[in-house]
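Enquirer: Below is one structure. I have some questions about it.
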Amino acid sequence: MSVLKSIVKPSELAALFKLKFSKQHNHANVLEILEHDTNMKFCFKTLDKVSRSFAAVIKQLPQELSISICLFYLILRALDSIEDDMELPNDKKIKLLLNFHKKNYENGWKLENVGDKAVYRDLLANYDLVIAAFSTLSPKYQKIITDACEKMGSGMADFVAREIVSLADYNLYCHHVAGIVGIGLSQIFAASEMENPEIQFQEELANSMGLFLQKTNIVRDYKEDIEENRSFWPKAIWSLYTSKLESFATFPGTATAMACLNHLINDALAHAIDCLDYLKQLKNEHVFKFCAIPQVMAIATLCEVYNNPQVFTKNVKIRKGYAAKLMLNTNSVLDVVKIYHHMAHAMEAMITQNTPKSIETLVLVQEIKKYCATEIALANTEPAF
Ligand code: CA
């Protein structure tokens with residue numbers, strides 16, 4: 001369906017083909033690993049199934065980083081699968097979340113019938129293979145992964161029976177499930193000695209990198225989460241607009257629903273400049289792409305969901321061809337700055353006097369534009385991508 005949509009846009013179709021072709025080149029170093037290692041073979045296969053977009057950026061990394069980050073991702077995905085299983089009794093769930101980081105050292109440990117989708121159940125049911133692969137990692141990576149896993153598990157456990165009410169709760173929850181990933185990844189980059197060692201000390205910026213992605217997903221996934229009987233929208237914000245969050249799905253596009261949506265988009269947009277500040281510090285081109293591509297997809301998604309009533313009725317996604325084009329155009333900080341400038345400008349153009357929360361949005365997008373314009377002027381090129 002989305003491929004068909006791209007046919008009317010030749011540049012997007014070309015990008016789709018180019019991406020398909022270049023992906024095969026990226027896979028070369030990973031394919032080599034798979035030939036000899038059945039545990040890693042399972043891990044990379046599962047990675048492809050759980051997240052095609054992350055799989056692509058992980059596989060283009062240098063081999064050592066590719067393996068440790070593939071495992072980091074799968075281990076946290078397994079933890080998240082425990083958190084997301086709404087059939088699991090709370091007491092059992094909390095115990096698993098708190099102890100999960102220890103399981104990575106228990107040979108043969110696996111967990112049957114947990115996970116809300118087949119692919120997650122499969123990951124947990126074969127978790128012994130992940131543990132076997134993890135045991136071959138250098139201890140420096142094992143420690144970073146275990147620390148992050150312990151912090152995330154205890155943060156998730158805190159929120160099992162607790163609602164996300166205040167904005168502080170929202171930021172704390174997002175820190176536990178995403179900020180910690182940004183910080184852990186920065187430590188992995190530094191430990192690999194393939195990246196600027198200073199990056200491990202940029203915890204505030206690394207946290208923002210995670211929060212920007214997480215908040216974008218939380219905003220976009222409104223409908224899917226409501227259907228699953230859960231929500232991550234902070235009550236302190238939505239209660240300003242409605243007494244029942246589910247009512248937005250029944251009456252989408254009302255002025256109050258749109259105001260609430262835009263309010264949360266503004267909250268996410270506030271992290272955008274931190275992300276650019278983080279990306280500016282990276283030196284390795286593959287690490288840069290790994291970090292930058294998800295951020296570019298996030299700002300494109302925010303641009304797509306901004307003031308868009310469809311968020312309340314379906315899962316709004318950016319077109320595949322458009323995503324491919326953005327991916328191929330993300331090679332340097334200047335590229336990212338140009339894309340952010342473009343997205344901020346596109347959002348600004350959607351603002352009218354009647355757009356809810358428009359003044360706050362205007363301030364945010366103009367700040368992003370100003371930052372980007374300064375970077376572009378420094379590089380002495382044109383503000384178009
Ligand atoms: Ca979750």
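The way I read the labels, and the way they are meant: chains A, B, ... in the order of the structure tokens, residue 1 as the first residue of every chain, and ligand 1 as the first ligand shown, with later ones counted on from there.
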Excluding same-chain residues fewer than 5 positions from Leu97 (chain A), what lies within 10 Å of it counting only C-alpha atoms, as number ranges by chain?

Expert: A: 79-80, 82-83, 92, 149-158, 160

Enquirer: Just want the 8 Å neighbourhood of region 192-207 of chain A, counted on only C-alpha atoms, with same-chain residues fewer than 5 positions away dropped. Output as an MDAnalysis selection string.

Expert: chainID A and resid 64:65 175 178:183 186:187 274:275 277:278 281:284 287

Enquirer: Write the selection just made, keeping all heavy atoms, as a compact mmCIF listing (two decimals), in the first residue's frame?

Expert:
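Saved file again_8.txt follows:
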```txt
# COMPACT_ATOMS: atom_id res chain seq x y z
N GLU A 64 31.87 -5.21 15.81
CA GLU A 64 31.85 -5.30 17.28
C GLU A 64 30.67 -4.53 17.87
O GLU A 64 29.99 -5.01 18.79
CB GLU A 64 33.18 -4.74 17.82
CG GLU A 64 33.36 -4.93 19.30
CD GLU A 64 34.70 -4.35 19.79
OE1 GLU A 64 35.75 -4.65 19.17
OE2 GLU A 64 34.70 -3.61 20.78
N LEU A 65 30.41 -3.35 17.33
CA LEU A 65 29.27 -2.56 17.82
C LEU A 65 27.95 -3.17 17.37
O LEU A 65 26.96 -3.15 18.10
CB LEU A 65 29.38 -1.12 17.30
CG LEU A 65 30.33 -0.20 18.06
CD1 LEU A 65 30.42 1.15 17.36
CD2 LEU A 65 29.88 -0.02 19.51
N HIS A 175 12.36 8.40 30.76
CA HIS A 175 13.78 8.22 31.10
C HIS A 175 14.07 6.73 31.34
O HIS A 175 15.04 6.20 30.80
CB HIS A 175 14.15 9.02 32.35
CG HIS A 175 15.47 8.63 32.95
ND1 HIS A 175 16.67 8.95 32.35
CD2 HIS A 175 15.77 7.89 34.05
CE1 HIS A 175 17.65 8.42 33.07
NE2 HIS A 175 17.14 7.78 34.10
N ALA A 178 13.59 4.83 27.82
CA ALA A 178 14.29 5.29 26.63
C ALA A 178 15.54 6.11 26.93
O ALA A 178 16.57 5.94 26.28
CB ALA A 178 13.34 6.11 25.76
N GLY A 179 15.47 6.99 27.92
CA GLY A 179 16.64 7.80 28.28
C GLY A 179 17.81 6.92 28.67
O GLY A 179 18.96 7.15 28.26
N ILE A 180 17.53 5.88 29.44
CA ILE A 180 18.56 4.93 29.87
C ILE A 180 19.20 4.24 28.66
O ILE A 180 20.40 3.95 28.67
CB ILE A 180 17.93 3.90 30.85
CG1 ILE A 180 17.74 4.57 32.23
CG2 ILE A 180 18.79 2.64 30.99
CD1 ILE A 180 16.93 3.74 33.22
N VAL A 181 18.45 4.01 27.62
CA VAL A 181 19.01 3.41 26.40
C VAL A 181 19.99 4.37 25.74
O VAL A 181 21.09 3.97 25.34
CB VAL A 181 17.88 3.05 25.38
CG1 VAL A 181 18.47 2.28 24.21
CG2 VAL A 181 16.77 2.26 26.05
N GLY A 182 19.62 5.65 25.67
CA GLY A 182 20.51 6.66 25.09
C GLY A 182 21.82 6.74 25.86
O GLY A 182 22.90 6.82 25.27
N ILE A 183 21.70 6.72 27.18
CA ILE A 183 22.90 6.81 28.04
C ILE A 183 23.76 5.54 27.90
O ILE A 183 24.98 5.62 27.73
CB ILE A 183 22.48 7.06 29.52
CG1 ILE A 183 21.82 8.45 29.64
CG2 ILE A 183 23.68 6.93 30.46
CD1 ILE A 183 21.07 8.70 30.94
N SER A 186 25.61 5.47 24.60
CA SER A 186 26.76 6.39 24.62
C SER A 186 27.95 5.74 25.32
O SER A 186 29.10 5.92 24.91
CB SER A 186 26.39 7.69 25.35
OG SER A 186 25.21 8.24 24.80
N GLN A 187 27.66 4.98 26.38
CA GLN A 187 28.74 4.28 27.09
C GLN A 187 29.34 3.18 26.21
O GLN A 187 30.56 2.97 26.21
CB GLN A 187 28.21 3.67 28.40
CG GLN A 187 27.82 4.74 29.42
CD GLN A 187 26.99 4.20 30.59
OE1 GLN A 187 26.49 3.07 30.54
NE2 GLN A 187 26.82 5.01 31.61
N ASP A 274 18.39 19.52 21.75
CA ASP A 274 19.34 18.65 22.47
C ASP A 274 19.84 17.53 21.56
O ASP A 274 21.01 17.14 21.63
CB ASP A 274 18.64 17.98 23.68
CG ASP A 274 18.74 18.84 24.94
OD1 ASP A 274 19.34 19.93 24.86
OD2 ASP A 274 18.22 18.41 25.98
N CYS A 275 18.93 16.98 20.75
CA CYS A 275 19.32 15.87 19.86
C CYS A 275 20.36 16.35 18.86
O CYS A 275 21.35 15.63 18.59
CB CYS A 275 18.11 15.31 19.13
SG CYS A 275 16.90 14.63 20.27
N ASP A 277 22.44 18.81 19.33
CA ASP A 277 23.67 19.04 20.10
C ASP A 277 24.42 17.73 20.36
O ASP A 277 25.65 17.70 20.37
CB ASP A 277 23.34 19.71 21.45
CG ASP A 277 23.21 21.22 21.32
OD1 ASP A 277 23.81 21.79 20.39
OD2 ASP A 277 22.49 21.83 22.14
N TYR A 278 23.65 16.63 20.57
CA TYR A 278 24.27 15.31 20.78
C TYR A 278 24.92 14.84 19.47
O TYR A 278 26.10 14.45 19.46
CB TYR A 278 23.21 14.32 21.24
CG TYR A 278 23.74 12.91 21.49
CD1 TYR A 278 24.13 12.51 22.76
CD2 TYR A 278 23.85 11.98 20.46
CE1 TYR A 278 24.61 11.24 23.01
CE2 TYR A 278 24.33 10.70 20.68
CZ TYR A 278 24.71 10.33 21.96
OH TYR A 278 25.19 9.06 22.19
N GLN A 281 28.37 15.93 18.29
CA GLN A 281 29.58 15.46 18.98
C GLN A 281 30.09 14.12 18.47
O GLN A 281 31.15 13.66 18.89
CB GLN A 281 29.31 15.36 20.48
CG GLN A 281 28.94 16.72 21.04
CD GLN A 281 28.84 16.70 22.54
OE1 GLN A 281 29.62 16.06 23.22
NE2 GLN A 281 27.87 17.42 23.06
N LEU A 282 29.34 13.46 17.59
CA LEU A 282 29.75 12.14 17.11
C LEU A 282 30.79 12.27 16.00
O LEU A 282 30.75 13.21 15.20
CB LEU A 282 28.53 11.35 16.62
CG LEU A 282 27.48 11.05 17.69
CD1 LEU A 282 26.25 10.41 17.05
CD2 LEU A 282 28.04 10.15 18.79
N LYS A 283 31.71 11.30 15.98
CA LYS A 283 32.81 11.35 15.01
C LYS A 283 32.74 10.21 13.99
O LYS A 283 33.18 10.36 12.86
CB LYS A 283 34.17 11.25 15.73
CG LYS A 283 34.34 12.19 16.91
CD LYS A 283 35.00 13.48 16.49
CE LYS A 283 35.27 14.40 17.67
NZ LYS A 283 34.57 15.68 17.56
N ASN A 284 32.23 9.04 14.42
CA ASN A 284 32.24 7.86 13.54
C ASN A 284 31.03 7.89 12.62
O ASN A 284 29.89 8.02 13.09
CB ASN A 284 32.24 6.60 14.42
CG ASN A 284 32.26 5.33 13.60
OD1 ASN A 284 31.29 5.01 12.93
ND2 ASN A 284 33.36 4.60 13.67
N VAL A 287 28.31 5.21 13.50
CA VAL A 287 27.63 5.52 14.77
C VAL A 287 26.70 6.70 14.53
O VAL A 287 25.56 6.72 15.01
CB VAL A 287 28.66 5.83 15.89
CG1 VAL A 287 27.95 6.33 17.14
CG2 VAL A 287 29.48 4.59 16.22
```

Enquirer: Please list as an MDAnalysis selection string every residue within 7 Å of region 44-56 of chain A, counting only C-alpha atoms and excluding residues in the same chain fewer than 4 positions away.

Expert: chainID A and resid 40 60 74 119

Enquirer: Taking only region 312-345 of chain A into account, list the residues labelled alpha helix (DSSP H) by DSSP (computed from the backbone), as JSON, numbers by chain.

Expert: {"A": [320, 321, 322, 323, 324, 325, 326, 327, 328, 333, 334, 335, 336, 337, 338, 339, 340, 341, 342, 343, 344, 345]}

Enquirer: Calculated over only C-alpha atoms, which of the candidates A:Leu245, A:Leu211, A:Ile237, A:Ile69 has the smallest distance to His263 (chain A)?

Expert: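 Closest to His263 (chain A), using only C-alpha atoms: A:Ile237.
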
Enquirer: Kindly indicate which residue among A:Pro294, A:Gly210, A:Pro89, A:Gly115 lies nearest to ligand 1, using only C-alpha atoms and all ligand atoms for the distances.

Expert: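 Going through A:Pro294, A:Gly210, A:Pro89, A:Gly115 one by one, the smallest distance to ligand 1 is for A:Gly115.
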
Enquirer: Please provide as a PyMOL selection string all residues within 8 Å of Cys43 (chain A), with the sequence filter that same-chain residues fewer than 5 positions apart are discarded (counting only C-alpha atoms).

Expert: chain A and resi 70-71+74+129-130

Enquirer: Write the selection just made, keeping N, CA, C and O atoms, as a JSON list (two decimals), in the first residue's frame?

Expert:
```
[["chain", "number", "residue", "atom", "x", "y", "z"],
["A", 70, "CYS", "N", 23.05, -5.12, 18.91],
["A", 70, "CYS", "CA", 21.96, -6.07, 18.60],
["A", 70, "CYS", "C", 21.50, -6.76, 19.89],
["A", 70, "CYS", "O", 20.30, -6.85, 20.17],
["A", 71, "LEU", "N", 22.46, -7.20, 20.70],
["A", 71, "LEU", "CA", 22.10, -7.89, 21.96],
["A", 71, "LEU", "C", 21.48, -6.93, 22.96],
["A", 71, "LEU", "O", 20.51, -7.27, 23.63],
["A", 74, "LEU", "N", 17.91, -6.49, 21.88],
["A", 74, "LEU", "CA", 17.06, -7.68, 22.13],
["A", 74, "LEU", "C", 16.78, -7.89, 23.61],
["A", 74, "LEU", "O", 15.66, -8.26, 23.99],
["A", 129, "LEU", "N", 19.22, -18.67, 23.94],
["A", 129, "LEU", "CA", 20.14, -18.38, 22.84],
["A", 129, "LEU", "C", 20.72, -16.97, 22.97],
["A", 129, "LEU", "O", 21.89, -16.73, 22.64],
["A", 130, "VAL", "N", 19.89, -16.03, 23.44],
["A", 130, "VAL", "CA", 20.36, -14.65, 23.67],
["A", 130, "VAL", "C", 21.41, -14.67, 24.79],
["A", 130, "VAL", "O", 22.46, -14.02, 24.68]]
```

Enquirer: Find the residue from A:Tyr173, A:Phe17, A:Phe72, A:Tyr222 that sits nearest to Ile145 (chain A); use only C-alpha atoms when measuring.

Expert: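 The answer is A:Phe72, which sits nearest to Ile145 (chain A).
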
Enquirer: One number please: CA of Lys235 (chain A) to CA of Glu163 (chain A), in Å, one decimal.

Expert: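 Between CA of Lys235 (chain A) and CA of Glu163 (chain A) the gap works out to 8.1 Å.
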
Enquirer: Can you work out which one of A:Ile368, A:Cys174, A:Leu61, A:Ala118 has the shortest atom-to-atom distance to ligand 1, counting only C-alpha atoms and all ligand atoms?

Expert: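 Among the listed residues, the smallest separation from ligand 1 belongs to A:Cys174.
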
Enquirer: Residues near Asn266 (chain A), anyone? I mean within 10 Å using only C-alpha atoms, not counting same-chain ones fewer than 6 positions away, as an NGL selection string.

Expert: :A and (260 or 302 or 306 or 357-358 or 360-365)

Enquirer: Using N, CA and C atoms, can you export the residues from the last selection as a CSV table (one decimal), in the first residue's frame?

Expert:
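Listed below is the output, out_25.csv:
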```
chain,number,residue,atom,x,y,z
A,260,CYS,N,-5.1,18.9,22.8
A,260,CYS,CA,-4.3,17.9,23.6
A,260,CYS,C,-3.2,17.3,22.8
A,302,LEU,N,6.6,13.6,13.8
A,302,LEU,CA,6.0,14.7,14.5
A,302,LEU,C,5.3,15.6,13.5
A,306,TYR,N,1.3,16.2,13.6
A,306,TYR,CA,1.0,17.6,14.1
A,306,TYR,C,-0.4,18.0,13.5
A,357,LYS,N,-3.0,25.5,20.6
A,357,LYS,CA,-1.7,25.6,21.1
A,357,LYS,C,-0.7,26.2,20.1
A,358,SER,N,-1.1,27.0,19.2
A,358,SER,CA,-0.3,27.5,18.1
A,358,SER,C,0.9,28.4,18.6
A,360,GLU,N,2.6,28.3,21.4
A,360,GLU,CA,3.7,27.5,21.9
A,360,GLU,C,4.5,26.8,20.8
A,361,THR,N,3.7,26.2,19.8
A,361,THR,CA,4.3,25.5,18.7
A,361,THR,C,5.2,26.5,17.9
A,362,LEU,N,4.7,27.7,17.7
A,362,LEU,CA,5.4,28.6,16.9
A,362,LEU,C,6.8,29.0,17.5
A,363,VAL,N,6.8,29.2,18.8
A,363,VAL,CA,8.0,29.5,19.5
A,363,VAL,C,9.0,28.4,19.3
A,364,LEU,N,8.5,27.1,19.5
A,364,LEU,CA,9.4,25.9,19.4
A,364,LEU,C,10.0,25.7,18.0
A,365,VAL,N,9.1,25.8,17.0
A,365,VAL,CA,9.6,25.6,15.6
A,365,VAL,C,10.5,26.7,15.2
```

Enquirer: Please identify all polymer residues within 9 Å of Phe288 (chain A), counting only C-alpha atoms, omitting same-chain residues fewer than 3 positions from it, and present them as a count of residues only.

Expert: 12
